Amino acid sequence: MKKVPEVGGAREEGDRKERTSEDRFQRREIISRLGIGAVAAAFGIPVLMSVRSLVPNALYEKPRRFKAGKLDLFAEGPTFIADQRVFVFREGRTFHCIGATCTHLGCTVQLVRQPGQEESEAFEFHCPCHGSRFHGDGSNYAGPAPRPLDYFRLELAPDDGQLVVDMSQVADRGWRFTV
Ligand code: FES
């Protein structure tokens, strides 16, 4: 007896083979893409890192000119502005500003009050690092500091009347700003 071929079964077999070959193709495609990605990463990352090394890291310097505050914030005598390392002095309506950066190696000097002295000599600046000492007017008199402390120019901000310290402009010793 002659066997009749099963038409439906052959089609299913064909579909299965087609699906298997499609799966294999997709797997090969994924593996090939992963391979390309790995090679690109292996070469690309060092190249990117070398290019990045040519770009300097951003250096955020404090602004050299800044608003120190409204005039009535300043009491008579010295006010230390720690984050900018300057002393602002007030005598009535007259102001001056002395930098707190030691002229030896840049440590921050400390204001030391001298009890029993005349007002103009009532304090000094002492450097804690190597012992430099400065009179109240900023002039150096002891230790390795080679020169006096810097004076900086002051002005009033035209928009809101705040006191502006301009550290880009070194003033003569004894310079005063009267409002
Ligand atoms: S940094 Fe001030 S004495 Fe050296």
# chains A, B, ... in the order shown; residues from 1 in each chain; ligands from 1
$ residues_around --residues "Cys97 of chain A" --least-positions-apart "5" --cutoff "6 Å" --atoms "only C-alpha atoms" --output "MDAnalysis selection string"
chainID A and resid 87:88 151:152
$ residues_near_ligand --ligand "ligand 1" --cutoff "10 Å" --atoms "only C-alpha atoms and all ligand atoms" --output "PyMOL selection string"
chain A and resi 100-109+126-133+142-146
$ select_by_dssp --residues "segment 91-128 of chain A" --states "strand (DSSP E or B)" --output "ChimeraX atom specification"
/A:91,94-99,101,108,110-113,123-126
$ residues_around --residues "Asp72 of chain A" --least-positions-apart "3" --cutoff "10 Å" --atoms "only C-alpha atoms" --output "PDB file with N, CA and C atoms, in the first residue's frame"
ATOM      1  N   GLY A  69      29.651  93.337  51.591  1.00  0.00           N
ATOM      2  CA  GLY A  69      28.449  93.537  52.396  1.00  0.00           C
ATOM      3  C   GLY A  69      28.104  95.011  52.527  1.00  0.00           C
ATOM      4  N   ALA A  75      31.518  96.740  61.798  1.00  0.00           N
ATOM      5  CA  ALA A  75      31.668  97.459  63.071  1.00  0.00           C
ATOM      6  C   ALA A  75      32.974  98.253  63.026  1.00  0.00           C
ATOM      7  N   GLU A  76      33.148  99.150  63.964  1.00  0.00           N
ATOM      8  CA  GLU A  76      34.432  99.860  64.077  1.00  0.00           C
ATOM      9  C   GLU A  76      35.550  98.835  64.283  1.00  0.00           C
ATOM     10  N   GLN A 162      26.818  98.157  48.327  1.00  0.00           N
ATOM     11  CA  GLN A 162      27.678  97.309  49.163  1.00  0.00           C
ATOM     12  C   GLN A 162      29.136  97.703  48.984  1.00  0.00           C
ATOM     13  N   LEU A 163      29.928  97.365  50.007  1.00  0.00           N
ATOM     14  CA  LEU A 163      31.367  97.616  49.914  1.00  0.00           C
ATOM     15  C   LEU A 163      31.977  96.532  49.020  1.00  0.00           C
TER      16      LEU A 163
END
$ closest_residue --among "A:Arg90, A:Lys62, A:His135, A:Arg147" --to "Phe177 of chain A" --atoms "only C-alpha atoms"
A:Arg90
$ residues_around --residues "His96 of chain A" --least-positions-apart "5" --cutoff "12 Å" --atoms "only C-alpha atoms" --output "JSON, numbers by chain"
{"A": [74, 76, 77, 78, 79, 86, 87, 88, 89, 90, 91, 136, 137, 138, 150, 151, 152, 153, 154, 155, 163, 164, 165, 166, 170, 171, 172, 173, 174, 175, 176, 177, 178, 179]}
